[in-house]
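Novice: This is the structure, below, for whatever I ask next.
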Amino acid sequence: MKTDNQKAWLLVLPVLILVAFSAVIPLMTVVNYSVQDTFGNNQFFWAGLAWFEDMIHSERMWNALGRQIVFSGIILAIEVPLGIFIALNMPKKGFWASFCLVLMSLPLLIPWNVVGTIWQIFGRVDIGLLGYTLDALGVDYNYTQGFYAAWATVIVMDVWHWTSLVALLAYAGLQSIPNAYYQAAKIDQASRWAVFRYIELPKMKGVLTIAILLRFMDSFKIYTEPFVLTGGGPGNATTFLSIDLVKMALGQFDLGPAAAFSLMYFLVIMVISYVFYIVMTNADKEGGA
Amino acid sequence: MSDETAAAPGAAHLPGDLSPEDANTKLRRGSRFSGSAVVMTLYLLFLLVPIYWLLNMSLKTNAEILGSFSLVPQNLTLANYETILTDPSWYMGYVNSLIYVVMNTVISITVALPAAYAFSRYNFLGDKHLFFWLLTNRMAPPAVFALPFFQLYSSVGLFDTHIAVALAHCLFNVPLAVWILEGFMRGVPKEIDETAYIDGFSFGRFFVKIFMPLISSGIGVAAFFCFMFSWVELLLSRTLTSVNAKPIAATMTRTVGAAGIDWGVLAAAGVLTIIPGALVIYFVRNYIAKGFALGRV
C-alpha cells in the first residue's frame, strides 16, 4: 500500500521543471502562433481561430490524416499477428533464445534515418538486392515513381523495423505463463489452438495492449524513415502527418496554419494516450505486477 | 519470467512418468520444433539481409556499386571507412552524437530516479495527473516541437550546442525513464524502506546505498532505453544543430552531392551507426521486452 505524503512533490520537482522547460514553453509558443498572423518583421496580428477553421476545411490536412490512418491500420494488421506468430516460434531458453533476442532487437537500435538508407540501398533497381531481383523477375518496381511500390516499400520497411517489438513483448508475456497451465492442458488433451486461445492469448493480453498502442502511436508520428526513403513521394503518396507538418512549418514557414495543425495533431495523440493510460492502469490493477 | 519456480507446484500433482520438462517439451515444441526453426530462420533472414546488403555496399568502391551487381564485394575495399575515420567533419558527427546521447542519459536517469521513487511509494496531490502528463510527452510527435524548440534554444543562446539536443531529448526520455524505473521499483517490497528507516538510515543514504543496488537492473534498462531513443532520433537533433554539435545522422546527408550520391561512404556511415547499439544490446537482452513495455511485464 502507498502512503500519503505531500513531500513526495519535492522528489518529483526536478522532473517537473525539466519537462516543463522542454514541453510547456514550446507548446505555448505553438499556441501563440496558432492564433496570430504575421507579415514578417516580427509583426504579429491577432487572428483568432481563423487558422483552425482553415485547417479543418483544408483538403491537404484531411488527405494527410487519411494516409496516416491507412498506414497505421495496415502496419498494425501485419505486425501484430506476425509478431505473435514469431513469439510462439521462438526458442524458450538457452543459447538460441538469447541469440534470437539479440538479432531481433538489432533493427530497433538502428537510427531511423539509417533505416531509411538501408531500404533505399536495398530497394533501388540499379544497386539494391530487392529492386534488382524484382526487376529481373519482370516486376515493374520502382519505389521513387510507382504509387504502390512506394507504399509497399514503406510498409515492408516498417514491418522490418518494428515487428520485433511486438514479438519481444508477446514473448515476455508467454514467458510469464507457469508450466502448470501447459501440463493441465496436456492432461485435458487440449488442441494446439485451444492452448493458444484459452491460455496463451489471455495471458498475453496486457503486453499485447501495450504493443498495439505503442505501435499505433509511434506509427502515427512516423517521420524520418519515409522522409529518407521517399521524401513523401511520389507526389504526395507517402506524405504522412509529420512530414506534411514539417514541410509546412520549416519548408514554407506557414507558421499559423502549421501551429493550428500541430495542436489538432497533438490533441488526437492526447486522446489516444488517455485511452492507453486507462487501459494500462487497469491492467496494473488486475495483474498487480 | 518465473518458469522454474512455477514448475515446482505443477510437478507435485503429476504422475511420476510425466516429468514437467517432458510435458513442456512435448506440448510446446514437440513435432513443431523443426517448423519453429524454419520460421525463425526465415524471419531472421528477413531482418538480416537488408543489413547485410548495407555492409556489402560499404565494402565496395562506387565504381563497383554502380558498374556491376554481385552478392559479395569483388574488390574488397576499406576506403569508405577510411574516408569517414580520417575526416574530422565525418567522425566528429559520431563524437557529437555520443556526447549529447550520454549527457541526455545522465540527466534523464538522475532526475527520473527520485521521481519514480515518489510515484512508486507515495500518494500525493495530483500524482495521477502528473504521471499521465509525463506519458503524453512520450507520445508527442517531435514534428510539433521542432520549430518552437529551434526558437526557444536560439533565444537562450543554446542553439548548436550538445546540451540543447540533450535537453530536447529529455522531452521523451525523462517520461520513459520514470515509467520504466517505477515499474522496477514497485517490485521492491516496501518493508525494505521501512526497515532501513528504523535502522536510522537517512533518505539519501538509504536511496544510494540500499535502494539503488536493488534496482540496478532497472537503472541499466532505463539507461539503455534513453541511450537508444536519443541515438536513433534525427528530427530534433538536426533542427537544433548546424556545425558544432551536428549529429552523425545529419552528417550523412552530406553524401548527396553534385555528382550524385556517394553510396559507398553512405553505407559505411550507416554500418558504423549500428555498432554502438549492437554492442550494448547484449547486456540488456533479457530486459528489452520489459523496457519496451514501460516496465510492465
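By order in the C-alpha cells, chains are A, B, ...; within a chain, residues start at 1; ligands start at 1, following the order shown.
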Give the helix (DSSP H, G or I) residues of segment 116-247 of chain B, as assigned by DSSP on the backbone, as a ChimeraX atom specification.
Specialist: /B:116-121,127-139,142-155,162-185,190-198,203-214,216-232,235-239
Novice: So that I can check the surroundings of segment 19-29 of chain A, please list as a list in words every protein, DNA and RNA residue that reaches within 9 Å of it, counting only C-alpha atoms and ignoring chain neighbours fewer than 4 positions away.
Specialist: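 Returned residues: Pro14, Val15, Tyr33, Ser34, Ala259 and Leu263 of chain A; Leu134, Asn137, Val144, Phe145, Ala146, Leu147, Pro148, Phe149, Gln151, Leu152, Leu167, Ala168, His169, Cys170, Leu171, Phe172, Val174 and Pro175 of chain B.
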Novice: Let's have the selection written as a tab-separated table (two decimals), in the first residue's frame, with N, CA and C atoms.
Specialist:
```tsv
chain	number	residue	atom	x	y	z
A	14	PRO	N	12.33	18.05	-9.81
A	14	PRO	CA	13.30	18.16	-10.91
A	14	PRO	C	12.72	17.73	-12.25
A	15	VAL	N	11.98	16.63	-12.25
A	15	VAL	CA	11.36	16.15	-13.49
A	15	VAL	C	10.38	17.19	-14.01
A	33	TYR	N	1.43	31.00	-31.93
A	33	TYR	CA	1.41	31.11	-33.39
A	33	TYR	C	0.04	30.79	-33.97
A	34	SER	N	-0.65	29.85	-33.32
A	34	SER	CA	-1.87	29.35	-33.93
A	34	SER	C	-2.97	30.40	-33.95
A	259	ALA	N	0.91	25.73	-36.90
A	259	ALA	CA	0.69	25.65	-35.45
A	259	ALA	C	-0.69	25.10	-35.15
A	263	LEU	N	-1.53	21.60	-33.15
A	263	LEU	CA	-2.36	21.46	-31.96
A	263	LEU	C	-3.42	20.39	-32.15
B	134	LEU	N	3.18	13.20	-18.01
B	134	LEU	CA	4.51	12.75	-18.43
B	134	LEU	C	4.39	11.82	-19.64
B	137	ASN	N	3.96	13.35	-23.07
B	137	ASN	CA	5.17	13.86	-23.70
B	137	ASN	C	5.94	12.78	-24.42
B	144	VAL	N	5.89	18.41	-34.03
B	144	VAL	CA	5.16	19.53	-33.43
B	144	VAL	C	6.14	20.46	-32.72
B	145	PHE	N	7.21	19.87	-32.16
B	145	PHE	CA	8.09	20.65	-31.31
B	145	PHE	C	9.31	21.21	-32.04
B	146	ALA	N	9.53	20.78	-33.28
B	146	ALA	CA	10.78	21.15	-33.96
B	146	ALA	C	10.97	22.67	-34.00
B	147	LEU	N	10.00	23.38	-34.52
B	147	LEU	CA	10.16	24.83	-34.69
B	147	LEU	C	10.22	25.57	-33.35
B	148	PRO	N	9.29	25.32	-32.42
B	148	PRO	CA	9.39	26.00	-31.12
B	148	PRO	C	10.70	25.71	-30.40
B	149	PHE	N	11.20	24.50	-30.50
B	149	PHE	CA	12.49	24.19	-29.89
B	149	PHE	C	13.59	25.04	-30.49
B	151	GLN	N	13.36	27.93	-31.80
B	151	GLN	CA	13.28	29.31	-31.33
B	151	GLN	C	13.65	29.43	-29.86
B	152	LEU	N	13.18	28.47	-29.05
B	152	LEU	CA	13.48	28.51	-27.62
B	152	LEU	C	14.98	28.45	-27.38
B	167	LEU	N	18.82	18.28	-23.80
B	167	LEU	CA	17.62	18.74	-23.11
B	167	LEU	C	16.38	18.46	-23.94
B	168	ALA	N	16.47	18.66	-25.25
B	168	ALA	CA	15.31	18.42	-26.11
B	168	ALA	C	14.90	16.96	-26.05
B	169	HIS	N	15.87	16.06	-26.04
B	169	HIS	CA	15.55	14.64	-25.99
B	169	HIS	C	14.97	14.23	-24.64
B	170	CYS	N	15.21	15.06	-23.60
B	170	CYS	CA	14.60	14.80	-22.30
B	170	CYS	C	13.08	14.78	-22.42
B	171	LEU	N	12.55	15.49	-23.39
B	171	LEU	CA	11.10	15.55	-23.59
B	171	LEU	C	10.48	14.16	-23.61
B	172	PHE	N	11.11	13.24	-24.35
B	172	PHE	CA	10.52	11.90	-24.40
B	172	PHE	C	11.28	10.89	-23.54
B	174	VAL	N	12.83	11.44	-20.39
B	174	VAL	CA	12.55	11.51	-18.95
B	174	VAL	C	11.25	10.76	-18.61
B	175	PRO	N	10.14	11.01	-19.34
B	175	PRO	CA	8.94	10.23	-19.04
B	175	PRO	C	9.17	8.73	-19.17
```
Novice: Using only C-alpha atoms, which residue out of A:Leu10, A:Leu241, A:Val80, A:Val279 lies closest to Phe261 of chain A?
Specialist: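 Closest to Phe261 of chain A, using only C-alpha atoms: A:Leu241.
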Novice: Would you work out the distance separating atom CA of Asn286 of chain B from atom CA of Gly94 of chain A, expressed in Å to one decimal?
Specialist: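 Going from atom CA of Asn286 of chain B over to atom CA of Gly94 of chain A covers 11.6 Å.
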Novice: If I take atom CA of Ile278 of chain A and atom CA of Gly66 of chain A, how far is one from the other in Å, to one decimal?
Specialist: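 Atom-to-atom, atom CA of Ile278 of chain A to atom CA of Gly66 of chain A, that is 26.2 Å.
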Novice: Mind pulling up the distance from atom CA of Gly116 of chain A to atom CA of Thr144 of chain A?
Specialist: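 Between these atoms lies a distance of 13.0 Å.
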Novice: Nearest to Asn56 of chain B among A:Ala150, A:Ile121, A:Leu108, A:Leu16, with distances taken over only C-alpha atoms: which residue is it?
Specialist: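 The answer is A:Ile121, which sits nearest to Asn56 of chain B.
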